Structure formats: structure tokens, C-alpha cells
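Shown next: work-v8.pdb, given as PDB, C-alpha atoms and all ligand atoms.
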```
ATOM      1  CA  MET A   1      98.655 111.811  86.960  1.00  0.00           C
ATOM      2  CA  LEU A   2      95.155 111.898  85.377  1.00  0.00           C
ATOM      3  CA  GLY A   3      96.273 115.260  83.962  1.00  0.00           C
ATOM      4  CA  LEU A   4      95.625 116.832  87.373  1.00  0.00           C
ATOM      5  CA  GLU A   5      97.777 119.022  89.575  1.00  0.00           C
ATOM      6  CA  PRO A   6      99.477 116.779  92.182  1.00  0.00           C
ATOM      7  CA  THR A   7      97.695 118.559  95.058  1.00  0.00           C
ATOM      8  CA  LEU A   8      94.349 117.888  93.365  1.00  0.00           C
ATOM      9  CA  VAL A   9      95.242 114.191  93.094  1.00  0.00           C
ATOM     10  CA  VAL A  10      95.920 114.189  96.867  1.00  0.00           C
ATOM     11  CA  LEU A  11      92.627 116.000  97.517  1.00  0.00           C
ATOM     12  CA  LEU A  12      90.626 113.726  95.196  1.00  0.00           C
ATOM     13  CA  PHE A  13      91.893 110.399  96.534  1.00  0.00           C
ATOM     14  CA  SER A  14      91.918 111.399 100.203  1.00  0.00           C
ATOM     15  CA  ALA A  15      88.329 112.616  99.735  1.00  0.00           C
ATOM     16  CA  ILE A  16      87.373 109.274  98.115  1.00  0.00           C
ATOM     17  CA  SER A  17      89.004 107.556 101.084  1.00  0.00           C
ATOM     18  CA  ALA A  18      87.100 109.693 103.605  1.00  0.00           C
ATOM     19  CA  ALA A  19      83.770 109.305 101.808  1.00  0.00           C
ATOM     20  CA  SER A  20      84.053 105.525 101.515  1.00  0.00           C
ATOM     21  CA  ALA A  21      83.199 105.370 105.240  1.00  0.00           C
ATOM     22  CA  VAL A  22      79.559 105.792 104.212  1.00  0.00           C
ATOM     23  CA  LEU A  23      79.619 102.211 102.895  1.00  0.00           C
ATOM     24  CA  GLY A  24      80.378 101.032 106.427  1.00  0.00           C
ATOM     25  CA  ALA A  25      76.751 101.732 107.306  1.00  0.00           C
ATOM     26  CA  GLY A  26      75.628  99.134 104.705  1.00  0.00           C
ATOM     27  CA  PRO A  27      75.078  96.184 107.085  1.00  0.00           C
ATOM     28  CA  PHE A  28      72.679  98.291 109.179  1.00  0.00           C
ATOM     29  CA  LEU A  29      70.262  98.600 106.254  1.00  0.00           C
ATOM     30  CA  PHE A  30      69.470  94.923 106.801  1.00  0.00           C
ATOM     31  CA  ARG A  31      69.700  94.568 110.564  1.00  0.00           C
ATOM     32  CA  ARG A  32      69.503  96.772 113.598  1.00  0.00           C
ATOM     33  CA  GLN A  33      72.684  95.569 115.264  1.00  0.00           C
ATOM     34  CA  LEU A  34      75.575  93.243 114.384  1.00  0.00           C
ATOM     35  CA  PRO A  35      76.681  90.272 116.496  1.00  0.00           C
ATOM     36  CA  ILE A  36      79.617  91.277 118.690  1.00  0.00           C
ATOM     37  CA  VAL A  37      81.878  88.729 116.999  1.00  0.00           C
ATOM     38  CA  GLN A  38      81.384  90.491 113.643  1.00  0.00           C
ATOM     39  CA  ILE A  39      82.390  93.825 115.212  1.00  0.00           C
ATOM     40  CA  GLY A  40      85.619  92.106 116.266  1.00  0.00           C
ATOM     41  CA  TRP A  41      86.178  90.833 112.714  1.00  0.00           C
ATOM     42  CA  ALA A  42      85.516  94.279 111.223  1.00  0.00           C
ATOM     43  CA  ASN A  43      88.142  95.744 113.549  1.00  0.00           C
ATOM     44  CA  ALA A  44      90.631  92.982 112.747  1.00  0.00           C
ATOM     45  CA  LEU A  45      90.076  93.555 109.018  1.00  0.00           C
ATOM     46  CA  ALA A  46      90.707  97.303 109.398  1.00  0.00           C
ATOM     47  CA  ALA A  47      93.728  96.608 111.643  1.00  0.00           C
ATOM     48  CA  GLY A  48      95.287  94.146 109.190  1.00  0.00           C
ATOM     49  CA  MET A  49      94.925  96.575 106.291  1.00  0.00           C
ATOM     50  CA  MET A  50      96.574  99.292 108.381  1.00  0.00           C
ATOM     51  CA  LEU A  51      99.480  96.939 109.138  1.00  0.00           C
ATOM     52  CA  GLY A  52      99.771  96.238 105.398  1.00  0.00           C
ATOM     53  CA  ALA A  53      99.815  99.994 104.692  1.00  0.00           C
ATOM     54  CA  ALA A  54     102.430 100.485 107.449  1.00  0.00           C
ATOM     55  CA  TYR A  55     104.596  97.787 105.883  1.00  0.00           C
ATOM     56  CA  VAL A  56     104.507  99.269 102.373  1.00  0.00           C
ATOM     57  CA  LEU A  57     105.198 102.776 103.766  1.00  0.00           C
ATOM     58  CA  LEU A  58     108.188 101.390 105.650  1.00  0.00           C
ATOM     59  CA  ILE A  59     109.543  99.619 102.568  1.00  0.00           C
ATOM     60  CA  GLY A  60     109.006 102.797 100.524  1.00  0.00           C
ATOM     61  CA  GLY A  61     110.845 104.930 103.087  1.00  0.00           C
ATOM     62  CA  LEU A  62     113.870 102.789 103.971  1.00  0.00           C
ATOM     63  CA  PRO A  63     115.882 103.456 100.763  1.00  0.00           C
ATOM     64  CA  LEU A  64     115.605 107.204 101.532  1.00  0.00           C
ATOM     65  CA  GLY A  65     117.366 106.841 104.890  1.00  0.00           C
ATOM     66  CA  ALA A  66     116.797 104.121 107.470  1.00  0.00           C
ATOM     67  CA  ALA A  67     117.803 106.312 110.429  1.00  0.00           C
ATOM     68  CA  ALA A  68     115.335 109.079 109.499  1.00  0.00           C
ATOM     69  CA  VAL A  69     112.542 106.519 108.960  1.00  0.00           C
ATOM     70  CA  ALA A  70     113.270 104.921 112.354  1.00  0.00           C
ATOM     71  CA  ALA A  71     113.371 108.309 114.101  1.00  0.00           C
ATOM     72  CA  GLY A  72     110.101 109.263 112.358  1.00  0.00           C
ATOM     73  CA  ALA A  73     108.529 105.982 113.503  1.00  0.00           C
ATOM     74  CA  VAL A  74     109.456 106.698 117.118  1.00  0.00           C
ATOM     75  CA  LEU A  75     107.821 110.136 116.740  1.00  0.00           C
ATOM     76  CA  GLY A  76     104.730 108.524 115.169  1.00  0.00           C
ATOM     77  CA  ILE A  77     104.351 106.034 118.014  1.00  0.00           C
ATOM     78  CA  GLY A  78     104.818 108.875 120.506  1.00  0.00           C
ATOM     79  CA  PHE A  79     102.293 111.186 118.772  1.00  0.00           C
ATOM     80  CA  ALA A  80      99.656 108.463 118.453  1.00  0.00           C
ATOM     81  CA  ALA A  81     100.010 107.508 122.122  1.00  0.00           C
ATOM     82  CA  TRP A  82     100.144 111.159 123.252  1.00  0.00           C
ATOM     83  CA  SER A  83      97.044 112.099 121.227  1.00  0.00           C
ATOM     84  CA  HIS A  84      95.049 109.704 123.430  1.00  0.00           C
ATOM     85  CA  THR A  85      96.461 111.056 126.654  1.00  0.00           C
ATOM     86  CA  ALA A  86      95.959 114.661 125.538  1.00  0.00           C
ATOM     87  CA  SER A  87      92.333 114.024 124.539  1.00  0.00           C
ATOM     88  CA  GLY A  88      91.608 112.194 127.795  1.00  0.00           C
ATOM     89  CA  THR A  89      90.914 108.900 126.052  1.00  0.00           C
ATOM     90  CA  GLY A  90      93.995 106.994 127.195  1.00  0.00           C
ATOM     91  CA  ASP A  91      92.317 103.793 128.379  1.00  0.00           C
ATOM     92  CA  LEU A  92      89.245 103.900 126.148  1.00  0.00           C
ATOM     93  CA  ASP A  93      88.175 100.621 124.573  1.00  0.00           C
ATOM     94  CA  LEU A  94      87.152 101.585 121.085  1.00  0.00           C
ATOM     95  CA  ASN A  95      84.472  99.130 120.088  1.00  0.00           C
ATOM     96  CA  ARG A  96      82.405  98.435 123.153  1.00  0.00           C
ATOM     97  CA  LEU A  97      78.676  98.175 122.696  1.00  0.00           C
ATOM     98  CA  ASP A  98      77.716  97.618 126.324  1.00  0.00           C
ATOM     99  CA  ASP A  99      78.288  99.123 129.726  1.00  0.00           C
ATOM    100  CA  THR A 100      79.539 102.531 128.589  1.00  0.00           C
ATOM    101  CA  GLY A 101      79.060 106.007 130.048  1.00  0.00           C
ATOM    102  CA  PRO A 102      77.056 108.863 128.494  1.00  0.00           C
ATOM    103  CA  THR A 103      80.095 110.525 126.891  1.00  0.00           C
ATOM    104  CA  TYR A 104      81.423 107.327 125.296  1.00  0.00           C
ATOM    105  CA  GLY A 105      79.977 108.078 121.828  1.00  0.00           C
ATOM    106  CA  TYR A 106      81.636 111.510 121.694  1.00  0.00           C
ATOM    107  CA  GLN A 107      84.948 110.132 122.914  1.00  0.00           C
ATOM    108  CA  VAL A 108      84.906 107.424 120.242  1.00  0.00           C
ATOM    109  CA  LEU A 109      84.181 110.049 117.547  1.00  0.00           C
ATOM    110  CA  LEU A 110      87.111 112.136 118.799  1.00  0.00           C
ATOM    111  CA  VAL A 111      89.444 109.130 118.812  1.00  0.00           C
ATOM    112  CA  ASN A 112      88.275 108.155 115.319  1.00  0.00           C
ATOM    113  CA  SER A 113      89.017 111.662 114.116  1.00  0.00           C
ATOM    114  CA  LEU A 114      92.555 111.546 115.551  1.00  0.00           C
ATOM    115  CA  HIS A 115      93.033 108.043 114.126  1.00  0.00           C
ATOM    116  CA  SER A 116      91.990 109.274 110.658  1.00  0.00           C
ATOM    117  CA  ALA A 117      94.388 112.200 110.909  1.00  0.00           C
ATOM    118  CA  PHE A 118      97.369 109.823 111.172  1.00  0.00           C
ATOM    119  CA  GLU A 119      96.079 107.924 108.134  1.00  0.00           C
ATOM    120  CA  GLY A 120      95.972 111.284 106.349  1.00  0.00           C
ATOM    121  CA  VAL A 121      99.699 111.672 107.110  1.00  0.00           C
ATOM    122  CA  ALA A 122     100.191 108.194 105.577  1.00  0.00           C
ATOM    123  CA  ILE A 123      98.331 109.202 102.389  1.00  0.00           C
ATOM    124  CA  GLY A 124     100.162 112.557 102.081  1.00  0.00           C
ATOM    125  CA  ALA A 125     103.607 110.998 102.662  1.00  0.00           C
ATOM    126  CA  ALA A 126     102.901 108.173 100.187  1.00  0.00           C
ATOM    127  CA  MET A 127     101.705 110.708  97.575  1.00  0.00           C
ATOM    128  CA  ALA A 128     104.928 112.679  98.070  1.00  0.00           C
ATOM    129  CA  LEU A 129     106.987 109.533  97.432  1.00  0.00           C
ATOM    130  CA  SER A 130     105.120 108.999  94.158  1.00  0.00           C
ATOM    131  CA  LEU A 131     101.565 109.724  93.081  1.00  0.00           C
ATOM    132  CA  PRO A 132     100.779 106.131  91.958  1.00  0.00           C
ATOM    133  CA  PHE A 133     102.066 104.828  95.318  1.00  0.00           C
ATOM    134  CA  GLY A 134      99.972 107.460  97.088  1.00  0.00           C
ATOM    135  CA  VAL A 135      96.887 106.421  95.142  1.00  0.00           C
ATOM    136  CA  PHE A 136      97.526 102.792  96.157  1.00  0.00           C
ATOM    137  CA  VAL A 137      97.810 103.741  99.850  1.00  0.00           C
ATOM    138  CA  ALA A 138      94.742 106.034  99.621  1.00  0.00           C
ATOM    139  CA  LEU A 139      92.660 103.224  98.086  1.00  0.00           C
ATOM    140  CA  ALA A 140      93.868 100.722 100.719  1.00  0.00           C
ATOM    141  CA  ILE A 141      92.924 103.220 103.462  1.00  0.00           C
ATOM    142  CA  ALA A 142      89.595 103.819 101.662  1.00  0.00           C
ATOM    143  CA  ILE A 143      88.702 100.122 101.786  1.00  0.00           C
ATOM    144  CA  HIS A 144      89.873  99.867 105.402  1.00  0.00           C
ATOM    145  CA  ASN A 145      87.662 102.865 106.278  1.00  0.00           C
ATOM    146  CA  ILE A 146      84.611 100.723 105.466  1.00  0.00           C
ATOM    147  CA  PRO A 147      84.937  98.122 108.285  1.00  0.00           C
ATOM    148  CA  GLU A 148      86.173 100.890 110.598  1.00  0.00           C
ATOM    149  CA  ALA A 149      82.989 102.860 109.870  1.00  0.00           C
ATOM    150  CA  THR A 150      80.916  99.707 110.456  1.00  0.00           C
ATOM    151  CA  VAL A 151      82.354  99.507 113.974  1.00  0.00           C
ATOM    152  CA  LEU A 152      81.678 103.220 114.570  1.00  0.00           C
ATOM    153  CA  CYS A 153      78.101 102.872 113.237  1.00  0.00           C
ATOM    154  CA  ALA A 154      77.544  99.870 115.541  1.00  0.00           C
ATOM    155  CA  ILE A 155      78.575 101.978 118.538  1.00  0.00           C
ATOM    156  CA  LEU A 156      76.515 105.008 117.459  1.00  0.00           C
ATOM    157  CA  THR A 157      73.344 103.097 116.517  1.00  0.00           C
ATOM    158  CA  GLY A 158      73.680 101.242 119.833  1.00  0.00           C
ATOM    159  CA  ARG A 159      73.410 104.715 121.388  1.00  0.00           C
ATOM    160  CA  ARG A 160      70.177 105.402 119.446  1.00  0.00           C
ATOM    161  CA  VAL A 161      71.737 107.556 116.716  1.00  0.00           C
ATOM    162  CA  ALA A 162      69.831 107.103 113.418  1.00  0.00           C
ATOM    163  CA  ILE A 163      71.826 105.102 110.868  1.00  0.00           C
ATOM    164  CA  SER A 164      71.834 107.983 108.341  1.00  0.00           C
ATOM    165  CA  SER A 165      73.350 110.290 110.981  1.00  0.00           C
ATOM    166  CA  ALA A 166      75.812 107.585 112.035  1.00  0.00           C
ATOM    167  CA  ALA A 167      76.963 107.218 108.402  1.00  0.00           C
ATOM    168  CA  GLY A 168      77.362 111.024 108.160  1.00  0.00           C
ATOM    169  CA  LEU A 169      79.353 111.130 111.403  1.00  0.00           C
ATOM    170  CA  ALA A 170      81.621 108.316 110.157  1.00  0.00           C
ATOM    171  CA  VAL A 171      82.470 110.415 107.078  1.00  0.00           C
ATOM    172  CA  ALA A 172      82.823 113.579 109.198  1.00  0.00           C
ATOM    173  CA  ALA A 173      85.326 111.786 111.451  1.00  0.00           C
ATOM    174  CA  ASN A 174      87.471 111.317 108.323  1.00  0.00           C
ATOM    175  CA  VAL A 175      87.644 115.012 107.390  1.00  0.00           C
ATOM    176  CA  SER A 176      90.913 115.114 109.354  1.00  0.00           C
ATOM    177  CA  GLN A 177      92.253 112.488 106.927  1.00  0.00           C
ATOM    178  CA  VAL A 178      91.815 114.819 103.949  1.00  0.00           C
ATOM    179  CA  MET A 179      93.269 117.803 105.812  1.00  0.00           C
ATOM    180  CA  LEU A 180      96.359 115.951 107.046  1.00  0.00           C
ATOM    181  CA  ALA A 181      96.933 114.313 103.647  1.00  0.00           C
ATOM    182  CA  ILE A 182      97.114 117.726 101.971  1.00  0.00           C
ATOM    183  CA  PHE A 183      99.090 119.273 104.849  1.00  0.00           C
ATOM    184  CA  THR A 184     101.699 116.463 104.848  1.00  0.00           C
ATOM    185  CA  PHE A 185     101.988 116.527 101.056  1.00  0.00           C
ATOM    186  CA  ALA A 186     102.529 120.318 101.113  1.00  0.00           C
ATOM    187  CA  ILE A 187     105.177 120.109 103.881  1.00  0.00           C
ATOM    188  CA  VAL A 188     107.153 117.358 102.146  1.00  0.00           C
ATOM    189  CA  ASP A 189     106.803 119.110  98.777  1.00  0.00           C
ATOM    190  CA  ALA A 190     108.380 122.226 100.329  1.00  0.00           C
ATOM    191  CA  ALA A 191     111.025 120.283 102.301  1.00  0.00           C
ATOM    192  CA  PRO A 192     111.798 116.997 100.489  1.00  0.00           C
ATOM    193  CA  GLY A 193     114.280 116.027 103.230  1.00  0.00           C
ATOM    194  CA  ALA A 194     111.271 115.478 105.499  1.00  0.00           C
ATOM    195  CA  LEU A 195     109.934 112.600 103.354  1.00  0.00           C
ATOM    196  CA  PRO A 196     111.635 109.654 105.143  1.00  0.00           C
ATOM    197  CA  TRP A 197     110.587 111.221 108.469  1.00  0.00           C
ATOM    198  CA  ALA A 198     106.970 111.499 107.292  1.00  0.00           C
ATOM    199  CA  LEU A 199     106.928 107.918 105.976  1.00  0.00           C
ATOM    200  CA  GLY A 200     108.418 106.708 109.277  1.00  0.00           C
ATOM    201  CA  LEU A 201     105.982 108.788 111.322  1.00  0.00           C
ATOM    202  CA  ALA A 202     103.014 107.318 109.442  1.00  0.00           C
ATOM    203  CA  THR A 203     104.376 103.777 109.845  1.00  0.00           C
ATOM    204  CA  GLY A 204     104.897 104.152 113.595  1.00  0.00           C
ATOM    205  CA  ALA A 205     101.520 105.825 114.163  1.00  0.00           C
ATOM    206  CA  LEU A 206      99.596 103.193 112.177  1.00  0.00           C
ATOM    207  CA  ILE A 207     101.209 100.318 114.082  1.00  0.00           C
ATOM    208  CA  GLN A 208     100.595 102.041 117.425  1.00  0.00           C
ATOM    209  CA  LEU A 209      96.906 102.610 116.585  1.00  0.00           C
ATOM    210  CA  VAL A 210      96.491  98.955 115.596  1.00  0.00           C
ATOM    211  CA  MET A 211      98.237  97.563 118.655  1.00  0.00           C
ATOM    212  CA  ALA A 212      96.793  99.911 121.259  1.00  0.00           C
ATOM    213  CA  ASP A 213      93.341 100.781 119.867  1.00  0.00           C
ATOM    214  CA  LEU A 214      91.970  98.330 117.345  1.00  0.00           C
ATOM    215  CA  LEU A 215      93.100  94.930 118.525  1.00  0.00           C
ATOM    216  CA  PRO A 216      92.753  94.778 122.338  1.00  0.00           C
ATOM    217  CA  GLU A 217      88.939  94.819 122.548  1.00  0.00           C
ATOM    218  CA  SER A 218      88.622  92.729 119.351  1.00  0.00           C
ATOM    219  CA  TYR A 219      90.463  89.824 120.987  1.00  0.00           C
ATOM    220  CA  ARG A 220      87.805  89.726 123.673  1.00  0.00           C
ATOM    221  CA  GLN A 221      84.991  89.933 121.126  1.00  0.00           C
ATOM    222  CA  ALA A 222      85.982  87.260 118.629  1.00  0.00           C
ATOM    223  CA  GLY A 223      88.751  85.130 120.128  1.00  0.00           C
ATOM    224  CA  HIS A 224      92.494  85.379 119.687  1.00  0.00           C
ATOM    225  CA  ARG A 225      92.959  82.949 116.799  1.00  0.00           C
ATOM    226  CA  THR A 226      90.240  84.358 114.522  1.00  0.00           C
ATOM    227  CA  ILE A 227      91.277  87.962 115.135  1.00  0.00           C
ATOM    228  CA  ALA A 228      94.936  87.161 114.459  1.00  0.00           C
ATOM    229  CA  LEU A 229      94.022  85.217 111.315  1.00  0.00           C
ATOM    230  CA  VAL A 230      91.737  87.927 109.878  1.00  0.00           C
ATOM    231  CA  ALA A 231      94.329  90.652 110.627  1.00  0.00           C
ATOM    232  CA  ILE A 232      97.226  88.707 109.105  1.00  0.00           C
ATOM    233  CA  VAL A 233      95.288  87.754 105.945  1.00  0.00           C
ATOM    234  CA  ALA A 234      94.155  91.390 105.483  1.00  0.00           C
ATOM    235  CA  MET A 235      97.744  92.589 105.919  1.00  0.00           C
ATOM    236  CA  GLY A 236      99.005  89.956 103.476  1.00  0.00           C
ATOM    237  CA  ILE A 237      96.502  90.989 100.823  1.00  0.00           C
ATOM    238  CA  VAL A 238      97.608  94.652 100.980  1.00  0.00           C
ATOM    239  CA  VAL A 239     101.294  93.670 100.773  1.00  0.00           C
ATOM    240  CA  LEU A 240     100.689  91.212  97.892  1.00  0.00           C
ATOM    241  CA  LEU A 241      98.601  93.756  95.962  1.00  0.00           C
ATOM    242  CA  ARG A 242     101.384  96.328  96.384  1.00  0.00           C
ATOM    243  CA  THR A 243     103.912  93.840  95.010  1.00  0.00           C
ATOM    244  CA  ALA A 244     101.560  93.019  92.143  1.00  0.00           C
ATOM    245  CA  VAL A 245     101.052  96.646  91.053  1.00  0.00           C
ATOM    246  CA  ALA A 246     104.600  97.922  91.775  1.00  0.00           C
TER     247      ALA A 246
HETATM  248 ZN    ZN B 301      92.317 103.013 110.553  1.00  0.00          ZN
END
```
Before anything else, please render the file you have as C-alpha cells.
Amino acid sequence: MLGLEPTLVVLLFSAISAASAVLGAGPFLFRRQLPIVQIGWANALAAGMMLGAAYVLLIGGLPLGAAAVAAGAVLGIGFAAWSHTASGTGDLDLNRLDDTGPTYGYQVLLVNSLHSAFEGVAIGAAMALSLPFGVFVALAIAIHNIPEATVLCAILTGRRVAISSAAGLAVAANVSQVMLAIFTFAIVDAAPGALPWALGLATGALIQLVMADLLPESYRQAGHRTIALVAIVAMGIVVLLRTAVA
């Protein structure tokens, strides 16, 4: 693809995905802080796109072996949940702007970095299935990284971090995405039997992150109906676009 080595394609598109987080700082060029309801929408938008990505990964993986995909998904859910417990961020609400302790900003950066790592697995596994499919997933994750970075920037600027630094930190939190994309691609390239497991793992992890991290606080910020609507429409768009380009 593009006349590049496959690994370079993975590197290029996962790097584009990681770097797109810088655009999430855009709204803060015009205003100092966003209304809380818009933070909820940004999270719901990111969550819906992740659900769309999870769906297309699942559909891509099932023909390779439903049992392996299901077992991988259980592992993905377990890893995503465990990564919170292991990092001491089990009950952390991820998009609070008020009433937070001094270490909250660091904890949110750590959780964002772990979150991005699982999306890196999604990009690497999708690339291993086929490069055009991988590029589609990487671009969907790239666009979803924008509202996710907006939420992170809102938290960081609320803690008096300059917007340029907040934008840099949002990109830095995505470095794990590039690393895990290349790592997953290399593993599956060496052991093709691992592909349905990797696709399942990414699916399970993405759904767990949406359900446990992105949506709970958003419901409080913008109301159940709007959050559900924004998330479902965002998911639908990803699924429809996949059908359109497949
Ligand atoms: Zn995400």
C-alpha cells in the first residue's frame, strides 16, 4: 500500500492518529473553558466512534474463528479493567472539571495513555487483517482522538496548564497507541493464528473502556438521552462508512 513497507504503513497511520489529538485543543483558542455539557458530548462522540470501531473489528474477526474472537474479547475486557486496578485508578471519573484532588491531572493522563494503548492494539490488529482495513480503523481512531483530546485539554487547562502544553500532553498520551499498533502488528505477522485473538481483544477492550470510563460521567454532564443519541449516531456513522468503503 502506497508503495511502503507494511510496518511503515502501520507507523505512518498510527502516528497520524496520535498526532490528530492536537486538533482537540482547537476550541480553547476561542474560549478559556467549555460548558460542561459540551465535555459530555465530546466524550459521547469519542465513545460512539470507539463502539463503531469495536463493531467493525468484531465483524472482521468472526470469519477467522468465533471462539478465538470471543476468548480474545474476554481477555480484552479483563485487561482493560485490570489496567485501571493496577494503576490505582479503578474508580476514577475521567472527565471531571470540579472537586478533584491534586493528583487528578496525572491520573487522567495515565488512564488516557493506557486507553490509547488498547486503541493501538485495535489499529495493529486491523492492519494485520488487511492494510486498507487498518487504515480505515486508524483514521476512525484519529478522528475520535480529537474529541477525546478536547476532554483532556478541558481537564488540564482547568488545572492551569497552558493550552499549548495541554495539546502536547494530549499527543504524548497517544505515544502508546503508536507503540502498541506496531507491537501488535509484529506479533500477528509472526504468528498469524493470533489474529482473531487480537481482533477480539481489541473489541472487548474498546467496549470496556466506553462502558466503564467514557460514558458514566458523561451521562451526568449532558443527560442520558443526548449522550445516548450522540454515541449511537457516531457509532452508526463509523459502521456505515465501513460498509461504504468495503
Ligand atoms: Zn478512545
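Residue nearest Val230 in chain A, chosen from A:Leu199, A:Leu64, A:Leu11, A:Leu45 and counting all atoms listed in the file: A:Leu45.
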_So that I can check the surroundings of range 153-155 of chain A, please list as a ChimeraX atom specification every protein, DNA and RNA residue that reaches within 12 Å of it, counting only C-alpha atoms and ignoring chain neighbours fewer than 5 positions away._
/A:21-29,31-36,38-40,42-43,93-100,104-109,112,145-148,160-171,173
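Picture a line from CA of Ala244 in chain A to CA of Ala44 in chain A; it runs 23.3 Å.
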Please extract the residues at most 9 Å from ligand ZN 301 (chain B), counting all atoms listed in the file, and provide them as a PDB file with C-alpha atoms, in the frame of the given file, using the chain letters and residue numbers of this document.
```pdb
ATOM      1  CA  ASN A  43      88.142  95.744 113.549  1.00  0.00           C
ATOM      2  CA  ALA A  46      90.707  97.303 109.398  1.00  0.00           C
ATOM      3  CA  ALA A  47      93.728  96.608 111.643  1.00  0.00           C
ATOM      4  CA  MET A  49      94.925  96.575 106.291  1.00  0.00           C
ATOM      5  CA  MET A  50      96.574  99.292 108.381  1.00  0.00           C
ATOM      6  CA  ASN A 112      88.275 108.155 115.319  1.00  0.00           C
ATOM      7  CA  HIS A 115      93.033 108.043 114.126  1.00  0.00           C
ATOM      8  CA  SER A 116      91.990 109.274 110.658  1.00  0.00           C
ATOM      9  CA  PHE A 118      97.369 109.823 111.172  1.00  0.00           C
ATOM     10  CA  GLU A 119      96.079 107.924 108.134  1.00  0.00           C
ATOM     11  CA  ILE A 141      92.924 103.220 103.462  1.00  0.00           C
ATOM     12  CA  HIS A 144      89.873  99.867 105.402  1.00  0.00           C
ATOM     13  CA  ASN A 145      87.662 102.865 106.278  1.00  0.00           C
ATOM     14  CA  GLU A 148      86.173 100.890 110.598  1.00  0.00           C
ATOM     15  CA  LEU A 206      99.596 103.193 112.177  1.00  0.00           C
ATOM     16  CA  LEU A 209      96.906 102.610 116.585  1.00  0.00           C
ATOM     17  CA  VAL A 210      96.491  98.955 115.596  1.00  0.00           C
ATOM     18  CA  LEU A 214      91.970  98.330 117.345  1.00  0.00           C
TER      19      LEU A 214
END
```
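In this model, the gap between CA of Ala122 in chain A and CA of Ala186 in chain A comes to 13.1 Å.
Take the PyMOL selection byres (((chain A and resi 140) around 10) and not hetatm) and apply it to this file: it picks Ser17, Ala46, Met49, Met50, Gly52, Ala53, Ile123, Gly134, Val135, Phe136, Val137, Ala138, Leu139, Ile141, Ala142, Ile143, His144, Asn145, Val238, Leu241 and Arg242 of chain A.
Comparing the minimum interatomic distances between Ser218 in chain A and each of A:Ala80, A:Val37, A:Ala70, A:Leu110, counting only C-alpha atoms, we find that A:Val37 sits nearest.
Between CA of Ala15 in chain A and CA of Ser130 in chain A lies a distance of 18.1 Å.
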*Name the residues in contact with Asp189 in chain A at a cut-off of 10 Å, using all atoms listed in the file, excluding same-chain residues fewer than 5 positions from it; report them as a PyMOL selection string.*
chain A and resi 7+124-125+127-129+183-184+194-195
Residue subset to file, keeping C-alpha atoms, as a JSON list (two decimals), in the coordinates of the input:
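Saved to result_13.json:
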```json
[["chain", "number", "residue", "atom", "x", "y", "z"],
["A", 7, "THR", "CA", 97.70, 118.56, 95.06],
["A", 124, "GLY", "CA", 100.16, 112.56, 102.08],
["A", 125, "ALA", "CA", 103.61, 111.00, 102.66],
["A", 127, "MET", "CA", 101.70, 110.71, 97.58],
["A", 128, "ALA", "CA", 104.93, 112.68, 98.07],
["A", 129, "LEU", "CA", 106.99, 109.53, 97.43],
["A", 183, "PHE", "CA", 99.09, 119.27, 104.85],
["A", 184, "THR", "CA", 101.70, 116.46, 104.85],
["A", 194, "ALA", "CA", 111.27, 115.48, 105.50],
["A", 195, "LEU", "CA", 109.93, 112.60, 103.35]]
```
Return as lines of an AutoDock Vina configuration file the box centre and box size in Å, one decimal, for an axis-aligned box around all listed atoms of range 221-227 of chain A padded by 3 Å per side.
```
center_x = 89.0
center_y = 86.4
center_z = 117.8
size_x = 14.0
size_y = 13.0
size_z = 12.6
```
*If the PyMOL selection byres (((chain A and resi 196) around 10) and not hetatm) is run on the structure shown, which residues does it catch, given as a ChimeraX atom specification?*
/A:57-58,60-73,125,129,188,192-195,197-202
Any chance you could export range 169-194 of chain A with C-alpha atoms, as a short mmCIF file (atom, residue, chain, number, x, y, z; two decimals), in the first residue's frame?
```
data_model
loop_
_atom_site.label_atom_id
_atom_site.label_comp_id
_atom_site.auth_asym_id
_atom_site.auth_seq_id
_atom_site.Cartn_x
_atom_site.Cartn_y
_atom_site.Cartn_z
CA LEU A 169 0.38 16.24 26.58
CA ALA A 170 -2.69 15.01 24.66
CA VAL A 171 -0.40 13.89 21.81
CA ALA A 172 2.14 12.44 24.27
CA ALA A 173 -0.62 10.35 25.88
CA ASN A 174 -1.11 8.75 22.45
CA VAL A 175 2.51 7.60 22.02
CA SER A 176 1.38 4.27 23.50
CA GLN A 177 -1.05 3.99 20.57
CA VAL A 178 1.79 4.02 18.03
CA MET A 179 3.90 1.59 20.06
CA LEU A 180 1.10 -0.94 20.59
CA ALA A 181 -0.02 -0.68 16.95
CA ILE A 182 3.45 -1.68 15.75
CA PHE A 183 3.89 -4.29 18.50
CA THR A 184 0.52 -5.96 17.75
CA PHE A 185 1.16 -5.89 14.00
CA ALA A 186 4.59 -7.50 14.50
CA ILE A 187 3.21 -10.23 16.81
CA VAL A 188 0.36 -11.15 14.46
CA ASP A 189 2.69 -11.00 11.44
CA ALA A 190 4.96 -13.55 13.17
CA ALA A 191 2.06 -15.70 14.47
CA PRO A 192 -0.95 -15.32 12.13
CA GLY A 193 -3.01 -17.66 14.34
CA ALA A 194 -3.10 -14.86 16.91
#
```
